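Peer 1: Dropping the structure in here first, questions after.
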Amino acid sequence: MPAPREAAIENRLWSLDEAMPRSDLRALQARRLRETVERAARVPHYRDALLKAGVTPGDIRSPGDVRRLPFTTKEDLRANYPFGMLAVPRSDLARVHCSSGTTGRPTVVGYTAEDLETWANLCARFLVAGGLKPEHMVHVAFGYGLFTGGFGLHYGIEKVGASIVPASSGNTERQIMLIRDFQSDALICTPSYALNIAEVAREGGLDPRQLSLKIGHFGAEPWTEEMRNEIEMQMGLYAFNNYGLSEVMGPGISGECFRRDGMHVQEDHFLVECLDPETLEPVSPGSNGEVVITNLTKQAMPVLRYRTRDICALDDNPCACGRTGIRMGRIFGRTDDMLIIRGVNVFPSQVEEALLKVEGAAPHYMIEVDRPGALDEMTVRVEMKAAQFSDMISQVQALRERIQRAIYGITGLHANVELVKPQTLERFTGKARHVNDKRKDKRRP
Ligand code: ADP
Ligand code: ZN
């Protein structure tokens with residue numbers, strides 16, 4: 001476990017519920033879980049699944065009884081497209097969002113007015129935990145639309161009482177002009193877009209550290225501690241991690257406090273399990289597993305044991321901030337992103353961690369996997385840093401070898417490393433794409 005990286009901000013709670021004693025929390029979870037099962041039983045899909053599992057709401061007496069409930073997958077949501085999973089009449093919906101469709105056709109989620117109120121408060125909790133104050137001006141560069149990032153954070157910021165610049169995504173030069181002219185205090189976007197903003201600012205002759213940004217709340221895609229260091233160094237702000245997914249609610253499921261040593265799960269609203277994705281049994285405490293989430297308060301579309309496919313470890317040690325919610329470690333990646341290369345499991349985040357440890361490698365990379373003959377080959381294209389580019393031509397070979405060794409050290413795989421000129425790889429305004437898998441049969445060892 002790395003040493004906690006505390007941010008010098010005040011430790012403030014948005015709601016006292018964040019520090020609820022664990023015994024009270026467990027009693028609340030038990031009650032809310034039973035109510036959720038009652039609500040879910042109105043949905044034909046769950047009525048059948050609960051019948052098959054032989055569970056009734058009355059059987060739910062403790063949070064541990066969640067293990068008796070059926071799982072829900074993205075396929076279940078797709079099969080019930082668009083509104084088959086609603087537990088309320090369609091007329092009770094206040095808003096509809098969709099998942100970004102990173103891994104296929106989007107799935108639809110609905111919210112009642114009460115759900116929207118809950119969601120805004122949950123976003124407010126992690127924003128305040130990460131230093132947001134009513135006097136701040138917040139630049140939101142998450143896309144506004146069906147994606148839950150933009151509107152989700154928007155109403156959370158509004159709850160806190162801060163002012164919002166709803167810039168949405170795109171037109172990076174204009175975003176920088178607005179951040180500079182409005183003297184925004186906080187930035188909300190994906191970590192990869194934060195880097196993109198820093199880079200475009202420098203190209204335009206503006207050192208991003210001169211901007212007034214003090215804090216950044218980043219999420220919606222996997223990122224590493226190395227990436228956090230890079231963003232903080234380039235932008236001169238404290239970067240906080242927050243997690244969520246639209247199928248369960250959107251951002252606000254968990255977020256970091258000032259200690260930045262894992263994201264506190266808002267356990268009074270979500271029951272989180274960490275399971276072995278193969279056996280679906282709980283992993284041993286502190287081990288990596290798939291995050292499985294059950295809504296405890298969602299009215300319009302509660303999901304039971306939703307298989308997020310996100311991999312991380314849970315930490316139930318008490319935190320110095322006083323919040324009692326267990327902490328999720330960084331999301332290592334999603335099971336769908338896991339590459340099996342020559343039988344070895346590799347997550348793109350491991351490659352990112354490796355190459356950002358090497359001086360001279362920029363945080364822009366693309367992993368290409370192919371099987372030209374009988375064996376898999378992994379090629380990692382990495383940009384060189386602009387500052388070092390001109391005087392490094394003679395040292396390219398040495399840099400390439402250092403990156404190769406770093407990747408081998410973390411993944412155990414020999415990768416081909418191609419160094420490319422600064423500014424050659426694609427930049428992203430939302431979720432970054434780092435993998436191009438050209439193999440036909442990706443799972444064959
Ligand atoms: P999609 O699954 O189509 O990308 P969403 O927009 O709902 O749909 O994105 C949710 C997903 O984004 C999560 O399941 C997770 O894989 C990723 N994600 C969100 N926040 C984080 C985070 N802080 N760290 C890593 N991954 C994250
Ligand atoms: Zn804490």
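FYI, nothing fancy with the structure tokens labels: chains A, B, ... in order, residues from 1 per chain, ligands from 1 as they appear.
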Quick one: everything within 10 Å of stretch 74-87 of chain A, counting only C-alpha atoms, minus sequence neighbours fewer than 3 positions away in the same chain. Send it as a PyMOL selection string.
Peer 2: chain A and resi 36+38-46+71+90+92-93+96+98+103-111+247+298-303+306-309
Peer 1: Write out, as a short mmCIF file (atom, residue, chain, number, x, y, z; two decimals), in the first residue's frame, the residues just selected, with N, CA, C and O atoms.
Peer 2:
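Writing the result to again.cif gives the following:
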data_model
loop_
_atom_site.label_atom_id
_atom_site.label_comp_id
_atom_site.auth_asym_id
_atom_site.auth_seq_id
_atom_site.Cartn_x
_atom_site.Cartn_y
_atom_site.Cartn_z
N THR A 36 -35.43 -2.34 -1.37
CA THR A 36 -35.01 -2.38 -2.78
C THR A 36 -35.51 -3.65 -3.46
O THR A 36 -35.98 -3.61 -4.60
N GLU A 38 -38.11 -5.32 -2.63
CA GLU A 38 -39.56 -5.13 -2.84
C GLU A 38 -39.82 -4.33 -4.11
O GLU A 38 -40.69 -4.68 -4.91
N ARG A 39 -39.05 -3.26 -4.29
CA ARG A 39 -39.24 -2.42 -5.50
C ARG A 39 -38.86 -3.19 -6.75
O ARG A 39 -39.57 -3.15 -7.75
N ALA A 40 -37.72 -3.90 -6.67
CA ALA A 40 -37.24 -4.62 -7.85
C ALA A 40 -38.24 -5.69 -8.27
O ALA A 40 -38.39 -5.98 -9.46
N ALA A 41 -38.96 -6.27 -7.29
CA ALA A 41 -39.90 -7.35 -7.61
C ALA A 41 -41.06 -6.87 -8.50
O ALA A 41 -41.81 -7.68 -9.04
N ARG A 42 -41.17 -5.55 -8.68
CA ARG A 42 -42.20 -5.03 -9.60
C ARG A 42 -41.75 -5.13 -11.06
O ARG A 42 -42.52 -4.91 -11.97
N VAL A 43 -40.45 -5.39 -11.25
CA VAL A 43 -39.90 -5.47 -12.61
C VAL A 43 -39.98 -6.93 -13.07
O VAL A 43 -39.48 -7.81 -12.37
N PRO A 44 -40.63 -7.20 -14.22
CA PRO A 44 -40.79 -8.61 -14.63
C PRO A 44 -39.48 -9.39 -14.62
O PRO A 44 -39.43 -10.52 -14.14
N HIS A 45 -38.37 -8.76 -15.09
CA HIS A 45 -37.08 -9.45 -15.12
C HIS A 45 -36.70 -9.93 -13.72
O HIS A 45 -36.29 -11.07 -13.52
N TYR A 46 -36.84 -9.04 -12.73
CA TYR A 46 -36.44 -9.41 -11.36
C TYR A 46 -37.46 -10.33 -10.70
O TYR A 46 -37.10 -11.17 -9.89
N PHE A 71 -27.68 -11.98 -9.86
CA PHE A 71 -26.83 -10.95 -10.45
C PHE A 71 -27.56 -10.25 -11.59
O PHE A 71 -28.52 -10.77 -12.14
N ARG A 90 -43.60 4.83 -16.38
CA ARG A 90 -42.74 5.72 -17.17
C ARG A 90 -43.03 7.18 -16.89
O ARG A 90 -42.18 8.04 -16.95
N ASP A 92 -43.46 8.54 -14.18
CA ASP A 92 -42.79 9.02 -12.96
C ASP A 92 -41.34 9.41 -13.22
O ASP A 92 -40.66 9.90 -12.32
N LEU A 93 -40.85 9.16 -14.45
CA LEU A 93 -39.44 9.49 -14.73
C LEU A 93 -39.26 11.00 -14.79
O LEU A 93 -40.11 11.72 -15.30
N VAL A 96 -33.71 10.73 -18.18
CA VAL A 96 -33.15 9.49 -18.72
C VAL A 96 -31.71 9.77 -19.13
O VAL A 96 -31.40 10.83 -19.67
N CYS A 98 -27.90 7.58 -20.58
CA CYS A 98 -27.39 6.32 -21.16
C CYS A 98 -25.94 6.15 -20.73
O CYS A 98 -25.25 7.12 -20.46
N THR A 103 -18.27 -0.19 -24.43
CA THR A 103 -18.10 -1.58 -24.85
C THR A 103 -19.30 -2.10 -25.65
O THR A 103 -19.59 -3.28 -25.65
N GLY A 104 -20.03 -1.26 -26.33
CA GLY A 104 -21.12 -1.75 -27.18
C GLY A 104 -22.30 -0.81 -27.17
O GLY A 104 -22.17 0.38 -26.91
N ARG A 105 -23.52 -1.37 -27.46
CA ARG A 105 -24.72 -0.55 -27.52
C ARG A 105 -24.99 0.05 -26.14
O ARG A 105 -24.82 -0.63 -25.13
N PRO A 106 -25.39 1.33 -26.08
CA PRO A 106 -25.59 1.94 -24.76
C PRO A 106 -26.76 1.31 -24.00
O PRO A 106 -27.65 0.73 -24.60
N THR A 107 -26.71 1.42 -22.69
CA THR A 107 -27.83 0.97 -21.88
C THR A 107 -28.51 2.21 -21.31
O THR A 107 -27.88 3.23 -21.08
N VAL A 108 -29.83 2.07 -21.11
CA VAL A 108 -30.64 3.22 -20.70
C VAL A 108 -30.87 3.17 -19.19
O VAL A 108 -31.09 2.10 -18.63
N VAL A 109 -30.80 4.34 -18.54
CA VAL A 109 -31.13 4.41 -17.11
C VAL A 109 -32.12 5.53 -16.86
O VAL A 109 -32.05 6.58 -17.49
N GLY A 110 -33.04 5.30 -15.92
CA GLY A 110 -34.05 6.30 -15.61
C GLY A 110 -33.95 6.76 -14.17
O GLY A 110 -33.46 6.03 -13.31
N TYR A 111 -34.40 7.99 -13.92
CA TYR A 111 -34.36 8.59 -12.58
C TYR A 111 -35.71 9.23 -12.29
O TYR A 111 -36.26 9.92 -13.16
N GLU A 247 -25.21 2.67 -15.04
CA GLU A 247 -26.19 1.62 -14.77
C GLU A 247 -26.64 1.64 -13.31
O GLU A 247 -27.77 1.28 -12.99
N LYS A 298 -32.30 3.68 -4.95
CA LYS A 298 -32.77 4.10 -6.28
C LYS A 298 -34.24 3.67 -6.44
O LYS A 298 -34.59 2.53 -6.16
N GLN A 299 -35.05 4.62 -6.90
CA GLN A 299 -36.49 4.36 -7.07
C GLN A 299 -36.83 3.90 -8.48
O GLN A 299 -37.52 2.91 -8.66
N ALA A 300 -36.37 4.64 -9.48
CA ALA A 300 -36.83 4.38 -10.85
C ALA A 300 -36.32 3.05 -11.39
O ALA A 300 -37.05 2.29 -12.00
N MET A 301 -35.04 2.78 -11.14
CA MET A 301 -34.46 1.59 -11.77
C MET A 301 -33.39 0.97 -10.88
O MET A 301 -32.20 1.09 -11.14
N PRO A 302 -33.83 0.34 -9.77
CA PRO A 302 -32.83 -0.26 -8.88
C PRO A 302 -32.19 -1.47 -9.56
O PRO A 302 -32.88 -2.22 -10.25
N VAL A 303 -30.89 -1.62 -9.38
CA VAL A 303 -30.25 -2.84 -9.90
C VAL A 303 -29.74 -3.68 -8.73
O VAL A 303 -29.23 -3.15 -7.75
N TYR A 306 -25.21 -5.67 -9.55
CA TYR A 306 -24.79 -5.34 -10.91
C TYR A 306 -23.31 -5.65 -11.09
O TYR A 306 -22.45 -5.17 -10.34
N ARG A 307 -23.00 -6.46 -12.09
CA ARG A 307 -21.60 -6.83 -12.35
C ARG A 307 -20.94 -5.74 -13.18
O ARG A 307 -21.12 -5.64 -14.38
N THR A 308 -20.14 -4.90 -12.49
CA THR A 308 -19.57 -3.72 -13.16
C THR A 308 -18.44 -4.08 -14.11
O THR A 308 -18.11 -3.29 -14.98
N ARG A 309 -17.82 -5.25 -13.90
CA ARG A 309 -16.63 -5.67 -14.66
C ARG A 309 -15.41 -4.81 -14.32
O ARG A 309 -14.37 -4.94 -14.93
#
Peer 1: Which residues sit within 8 Å of ligand 1, counting only C-alpha atoms and all ligand atoms, listed as a ChimeraX atom specification?
Peer 2: /A:98-104,106-107,147-149,218-223,241-247,250-251,255,308-310,330-334,431
Peer 1: Using backbone DSSP assignments, extract all helix (DSSP H, G or I) residues from stretch 144-334 of chain A; output them as a count of residues only.
Peer 2: 51
Peer 1: Between atom CA of A:Glu173 and atom CA of A:Ala201, what is the spacing in Å?
Peer 2: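 Spanning atom CA of A:Ala201 to atom CA of A:Glu173 is a straight-line distance of 7.3 Å.
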Peer 1: Considering only C-alpha atoms and all ligand atoms, give me a table of residues in chain A that are at most 7 Å from ligand 2, with the closest atom pair and distance in Å for each, as a Markdown table.
Peer 2:
| residue | atom | partner | partner_atom_place_in_ligand_line | distance |
| --- | --- | --- | --- | --- |
| A:Glu256 | CA | ligand 2 | 1 (Zn) | 6.8 |
| A:Cys257 | CA | ligand 2 | 1 (Zn) | 4.6 |
| A:Phe258 | CA | ligand 2 | 1 (Zn) | 6.7 |
| A:Arg259 | CA | ligand 2 | 1 (Zn) | 5.8 |
| A:His264 | CA | ligand 2 | 1 (Zn) | 6.5 |
| A:Cys319 | CA | ligand 2 | 1 (Zn) | 4.6 |
| A:Ala320 | CA | ligand 2 | 1 (Zn) | 5.8 |
| A:Cys321 | CA | ligand 2 | 1 (Zn) | 4.2 |
| A:Gly322 | CA | ligand 2 | 1 (Zn) | 6.3 |
| A:Arg323 | CA | ligand 2 | 1 (Zn) | 5.5 |
Peer 1: Distance atom CA of A:Gly152-atom CA of A:Val265, one decimal place?
Peer 2: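 Here the two named atoms are 16.8 Å from each other.
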Peer 1: Identify, on the basis of only C-alpha atoms, every residue whose closest approach to stretch 184-187 of chain A does not exceed 8 Å; exclude the query and any residue fewer than 5 positions from it along the same chain; express the result as a list in words.
Peer 2: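 My reading of the contact set: Leu132, His136, Met137, Val138, His139, Val140, Ala141, Ile179, Ser212, Leu213, Lys214, Ile215, Gly216 and His217 of chain A.
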Peer 1: Please save N, CA, C and O atoms of the selected residues as a tab-separated table (two decimals), in the first residue's frame.
Peer 2:
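New file result-v7.tsv:
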chain	number	residue	atom	x	y	z
A	132	LEU	N	-14.14	21.14	-2.42
A	132	LEU	CA	-14.98	22.16	-3.08
A	132	LEU	C	-15.73	23.01	-2.05
A	132	LEU	O	-16.29	22.49	-1.09
A	136	HIS	N	-16.26	28.72	-4.66
A	136	HIS	CA	-15.49	28.34	-5.84
A	136	HIS	C	-16.26	28.48	-7.16
A	136	HIS	O	-17.48	28.40	-7.18
A	137	MET	N	-15.50	28.66	-8.22
A	137	MET	CA	-16.06	28.59	-9.56
A	137	MET	C	-15.54	27.30	-10.20
A	137	MET	O	-14.33	27.04	-10.17
A	138	VAL	N	-16.45	26.51	-10.75
A	138	VAL	CA	-16.09	25.18	-11.23
A	138	VAL	C	-16.28	25.06	-12.74
A	138	VAL	O	-17.36	25.33	-13.26
A	139	HIS	N	-15.22	24.67	-13.42
A	139	HIS	CA	-15.27	24.48	-14.87
A	139	HIS	C	-15.58	23.01	-15.16
A	139	HIS	O	-14.77	22.13	-14.86
A	140	VAL	N	-16.75	22.75	-15.73
A	140	VAL	CA	-17.13	21.36	-16.03
A	140	VAL	C	-16.88	21.07	-17.51
A	140	VAL	O	-17.57	21.60	-18.38
A	141	ALA	N	-15.87	20.23	-17.77
A	141	ALA	CA	-15.56	19.88	-19.16
A	141	ALA	C	-15.94	18.44	-19.47
A	141	ALA	O	-15.44	17.83	-20.41
A	179	ILE	N	-11.25	29.22	-18.56
A	179	ILE	CA	-10.66	28.94	-17.24
A	179	ILE	C	-9.79	30.13	-16.82
A	179	ILE	O	-9.84	30.58	-15.68
A	212	SER	N	-5.67	29.57	-12.30
A	212	SER	CA	-6.06	29.66	-10.89
A	212	SER	C	-6.59	28.34	-10.33
A	212	SER	O	-7.04	28.30	-9.18
A	213	LEU	N	-6.55	27.28	-11.12
A	213	LEU	CA	-7.13	26.00	-10.67
A	213	LEU	C	-6.42	25.49	-9.42
A	213	LEU	O	-5.20	25.43	-9.37
A	214	LYS	N	-7.24	25.11	-8.42
A	214	LYS	CA	-6.68	24.59	-7.17
A	214	LYS	C	-6.95	23.10	-7.01
A	214	LYS	O	-6.16	22.37	-6.44
A	215	ILE	N	-8.14	22.69	-7.47
A	215	ILE	CA	-8.47	21.27	-7.34
A	215	ILE	C	-9.05	20.75	-8.65
A	215	ILE	O	-9.60	21.52	-9.47
A	216	GLY	N	-8.90	19.44	-8.83
A	216	GLY	CA	-9.50	18.78	-10.00
A	216	GLY	C	-10.20	17.52	-9.52
A	216	GLY	O	-9.65	16.79	-8.70
A	217	HIS	N	-11.43	17.31	-9.99
A	217	HIS	CA	-12.13	16.06	-9.68
A	217	HIS	C	-12.23	15.27	-10.98
A	217	HIS	O	-12.95	15.65	-11.89
Peer 1: How close does stretch 143-246 of chain A get to stretch 9-16 of chain A? List, as a Markdown table, each residue of stretch 143-246 of chain A within 10 Å, its nearest atom pair and the distance in Å to one decimal, counting only C-alpha atoms.
Peer 2:
| residue | atom | partner | partner_atom | distance |
| --- | --- | --- | --- | --- |
| A:Lys159 | CA | A:Trp14 | CA | 9.9 |
| A:Val160 | CA | A:Trp14 | CA | 8.3 |
| A:Ile215 | CA | A:Ile9 | CA | 9.6 |
| A:Tyr238 | CA | A:Ile9 | CA | 9.2 |
Peer 1: Write the residues you've just listed into a file as a JSON list (two decimals), in the first residue's frame, and include N, CA and C atoms for each of them.
Peer 2:
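Saved file out26.json follows:
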[["chain", "number", "residue", "atom", "x", "y", "z"],
["A", 159, "LYS", "N", -25.64, 21.96, -5.63],
["A", 159, "LYS", "CA", -25.98, 21.68, -4.21],
["A", 159, "LYS", "C", -24.97, 22.34, -3.28],
["A", 160, "VAL", "N", -23.67, 22.20, -3.61],
["A", 160, "VAL", "CA", -22.63, 22.76, -2.75],
["A", 160, "VAL", "C", -22.75, 24.28, -2.70],
["A", 215, "ILE", "N", -8.14, 22.69, -7.47],
["A", 215, "ILE", "CA", -8.47, 21.27, -7.34],
["A", 215, "ILE", "C", -9.05, 20.75, -8.65],
["A", 238, "TYR", "N", -4.57, 19.98, -6.86],
["A", 238, "TYR", "CA", -4.75, 18.69, -6.20],
["A", 238, "TYR", "C", -5.77, 17.90, -7.01]]
Peer 1: Using DSSP on the backbone, list every residue of stretch 150-305 of chain A that comes out as strand (DSSP E or B), and give them as number ranges by chain.
Peer 2: A: 163-165, 186-189, 215-219, 238-245, 250-256, 263-265, 270-275, 282, 288-295
Peer 1: May I have the selected residues written with N, CA and C atoms, as a tab-separated table (two decimals), in the first residue's frame?
Peer 2:
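Saved the output as selection_23.tsv:
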chain	number	residue	atom	x	y	z
A	163	SER	N	-20.30	28.13	-8.08
A	163	SER	CA	-20.83	28.53	-9.39
A	163	SER	C	-20.23	27.65	-10.48
A	164	ILE	N	-21.03	27.42	-11.51
A	164	ILE	CA	-20.67	26.44	-12.53
A	164	ILE	C	-20.42	27.10	-13.87
A	165	VAL	N	-19.38	26.68	-14.54
A	165	VAL	CA	-19.18	27.02	-15.94
A	165	VAL	C	-19.43	25.73	-16.72
A	186	ALA	N	-11.82	25.12	-9.81
A	186	ALA	CA	-11.86	23.66	-9.88
A	186	ALA	C	-12.15	23.22	-11.31
A	187	LEU	N	-11.58	22.07	-11.66
A	187	LEU	CA	-11.77	21.50	-13.00
A	187	LEU	C	-12.37	20.12	-12.87
A	188	ILE	N	-13.39	19.85	-13.71
A	188	ILE	CA	-14.04	18.54	-13.71
A	188	ILE	C	-13.95	17.98	-15.12
A	189	CYS	N	-13.32	16.83	-15.27
A	189	CYS	CA	-13.25	16.16	-16.58
A	189	CYS	C	-12.61	14.79	-16.40
A	215	ILE	N	-8.14	22.69	-7.47
A	215	ILE	CA	-8.47	21.27	-7.34
A	215	ILE	C	-9.05	20.75	-8.65
A	216	GLY	N	-8.90	19.44	-8.83
A	216	GLY	CA	-9.50	18.78	-10.00
A	216	GLY	C	-10.20	17.52	-9.52
A	217	HIS	N	-11.43	17.31	-9.99
A	217	HIS	CA	-12.13	16.06	-9.68
A	217	HIS	C	-12.23	15.27	-10.98
A	218	PHE	N	-11.46	14.18	-11.02
A	218	PHE	CA	-11.35	13.43	-12.27
A	218	PHE	C	-11.88	12.02	-12.11
A	219	GLY	N	-12.44	11.48	-13.19
A	219	GLY	CA	-12.98	10.12	-13.15
A	219	GLY	C	-13.47	9.71	-14.51
A	238	TYR	N	-4.57	19.98	-6.86
A	238	TYR	CA	-4.75	18.69	-6.20
A	238	TYR	C	-5.77	17.90	-7.01
A	239	ALA	N	-5.40	16.70	-7.41
A	239	ALA	CA	-6.31	15.88	-8.22
A	239	ALA	C	-6.96	14.80	-7.37
A	240	PHE	N	-8.29	14.73	-7.47
A	240	PHE	CA	-9.07	13.73	-6.71
A	240	PHE	C	-9.75	12.76	-7.67
A	241	ASN	N	-9.86	11.53	-7.19
A	241	ASN	CA	-10.45	10.47	-8.00
A	241	ASN	C	-11.89	10.21	-7.55
A	242	ASN	N	-12.81	10.08	-8.48
A	242	ASN	CA	-14.17	9.67	-8.13
A	242	ASN	C	-14.68	8.65	-9.13
A	243	TYR	N	-15.60	7.81	-8.64
A	243	TYR	CA	-16.03	6.66	-9.44
A	243	TYR	C	-17.55	6.54	-9.49
A	244	GLY	N	-18.01	6.07	-10.62
A	244	GLY	CA	-19.42	5.76	-10.75
A	244	GLY	C	-19.68	5.13	-12.10
A	245	LEU	N	-20.87	4.59	-12.26
A	245	LEU	CA	-21.25	4.10	-13.59
A	245	LEU	C	-22.74	4.31	-13.74
A	250	GLY	N	-24.38	6.77	-11.80
A	250	GLY	CA	-23.53	7.78	-12.44
A	250	GLY	C	-22.44	8.11	-11.45
A	251	PRO	N	-21.71	9.22	-11.63
A	251	PRO	CA	-20.68	9.57	-10.65
A	251	PRO	C	-21.33	9.74	-9.27
A	252	GLY	N	-20.54	9.47	-8.21
A	252	GLY	CA	-21.09	9.65	-6.86
A	252	GLY	C	-21.19	8.35	-6.09
A	253	ILE	N	-20.77	7.25	-6.70
A	253	ILE	CA	-20.80	5.98	-5.96
A	253	ILE	C	-19.67	5.98	-4.92
A	254	SER	N	-18.51	6.49	-5.32
A	254	SER	CA	-17.41	6.61	-4.36
A	254	SER	C	-16.49	7.75	-4.79
A	255	GLY	N	-15.76	8.29	-3.81
A	255	GLY	CA	-14.83	9.38	-4.11
A	255	GLY	C	-13.82	9.53	-2.98
A	256	GLU	N	-12.73	10.22	-3.28
A	256	GLU	CA	-11.65	10.34	-2.32
A	256	GLU	C	-11.87	11.46	-1.30
A	263	MET	N	-11.17	5.46	-2.51
A	263	MET	CA	-12.42	6.23	-2.65
A	263	MET	C	-13.47	5.67	-1.70
A	264	HIS	N	-13.98	6.51	-0.78
A	264	HIS	CA	-15.01	6.07	0.17
A	264	HIS	C	-16.29	5.72	-0.59
A	265	VAL	N	-16.78	4.51	-0.36
A	265	VAL	CA	-18.05	4.12	-0.98
A	265	VAL	C	-19.18	4.73	-0.15
A	270	PHE	N	-25.31	2.41	-1.54
A	270	PHE	CA	-24.85	1.32	-2.41
A	270	PHE	C	-24.23	0.21	-1.58
A	271	LEU	N	-24.61	-1.02	-1.89
A	271	LEU	CA	-24.00	-2.16	-1.23
A	271	LEU	C	-22.98	-2.73	-2.21
A	272	VAL	N	-21.72	-2.71	-1.78
A	272	VAL	CA	-20.65	-3.09	-2.71
A	272	VAL	C	-20.03	-4.41	-2.29
A	273	GLU	N	-19.88	-5.32	-3.25
A	273	GLU	CA	-19.16	-6.58	-3.01
A	273	GLU	C	-17.94	-6.61	-3.93
A	274	CYS	N	-16.94	-7.38	-3.54
A	274	CYS	CA	-15.75	-7.54	-4.38
A	274	CYS	C	-15.58	-9.04	-4.58
A	275	LEU	N	-15.86	-9.51	-5.81
A	275	LEU	CA	-15.96	-10.96	-6.06
A	275	LEU	C	-14.94	-11.44	-7.09
A	282	PRO	N	-16.66	-14.14	-2.80
A	282	PRO	CA	-15.91	-12.97	-2.32
A	282	PRO	C	-14.40	-13.24	-2.33
A	288	ASN	N	-7.71	-7.98	-5.14
A	288	ASN	CA	-8.44	-7.45	-6.29
A	288	ASN	C	-9.58	-8.38	-6.68
A	289	GLY	N	-10.70	-7.80	-7.05
A	289	GLY	CA	-11.83	-8.58	-7.53
A	289	GLY	C	-12.76	-7.68	-8.31
A	290	GLU	N	-13.83	-8.29	-8.85
A	290	GLU	CA	-14.81	-7.50	-9.61
A	290	GLU	C	-15.77	-6.79	-8.63
A	291	VAL	N	-16.00	-5.52	-8.88
A	291	VAL	CA	-16.92	-4.75	-8.05
A	291	VAL	C	-18.35	-5.08	-8.48
A	292	VAL	N	-19.17	-5.48	-7.52
A	292	VAL	CA	-20.57	-5.81	-7.80
A	292	VAL	C	-21.40	-4.90	-6.89
A	293	ILE	N	-22.34	-4.16	-7.50
A	293	ILE	CA	-23.03	-3.12	-6.71
A	293	ILE	C	-24.55	-3.31	-6.71
A	294	THR	N	-25.15	-3.16	-5.55
A	294	THR	CA	-26.61	-3.19	-5.43
A	294	THR	C	-27.08	-1.82	-4.95
A	295	ASN	N	-28.06	-1.25	-5.66
A	295	ASN	CA	-28.64	0.02	-5.22
A	295	ASN	C	-29.40	-0.19	-3.92
Peer 1: In Å, with one decimal, what is the gap from atom CA of A:His434 to atom CA of A:Thr73?
Peer 2: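 Going from atom CA of A:His434 over to atom CA of A:Thr73, I get 24.5 Å.
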Peer 1: Enumerate, in order of chain and increasing residue number, the residues of stretch 205-291 of chain A with an atom no farther than 9 Å from stretch 343-358 of chain A, each with its shortest atom pair and distance in Å to one decimal, counting only C-alpha atoms, as a tab-separated table.
Peer 2:
residue	atom	partner	partner_atom	distance
A:Pro222	CA	A:Ser349	CA	7.0
A:Trp223	CA	A:Ser349	CA	6.6
A:Thr224	CA	A:Glu353	CA	6.2
A:Glu225	CA	A:Glu353	CA	7.6
A:Glu226	CA	A:Leu356	CA	6.0
A:Met227	CA	A:Leu356	CA	7.3
A:Glu230	CA	A:Leu356	CA	8.3
Peer 1: As a VMD selection string, please: the residues near stretch 49-61 of chain A (cut-off 8 Å, only C-alpha atoms, same-chain neighbours under 6 positions excluded).
Peer 2: chain A and resid 30 to 31 33 to 35 37 to 38 41 68 to 70
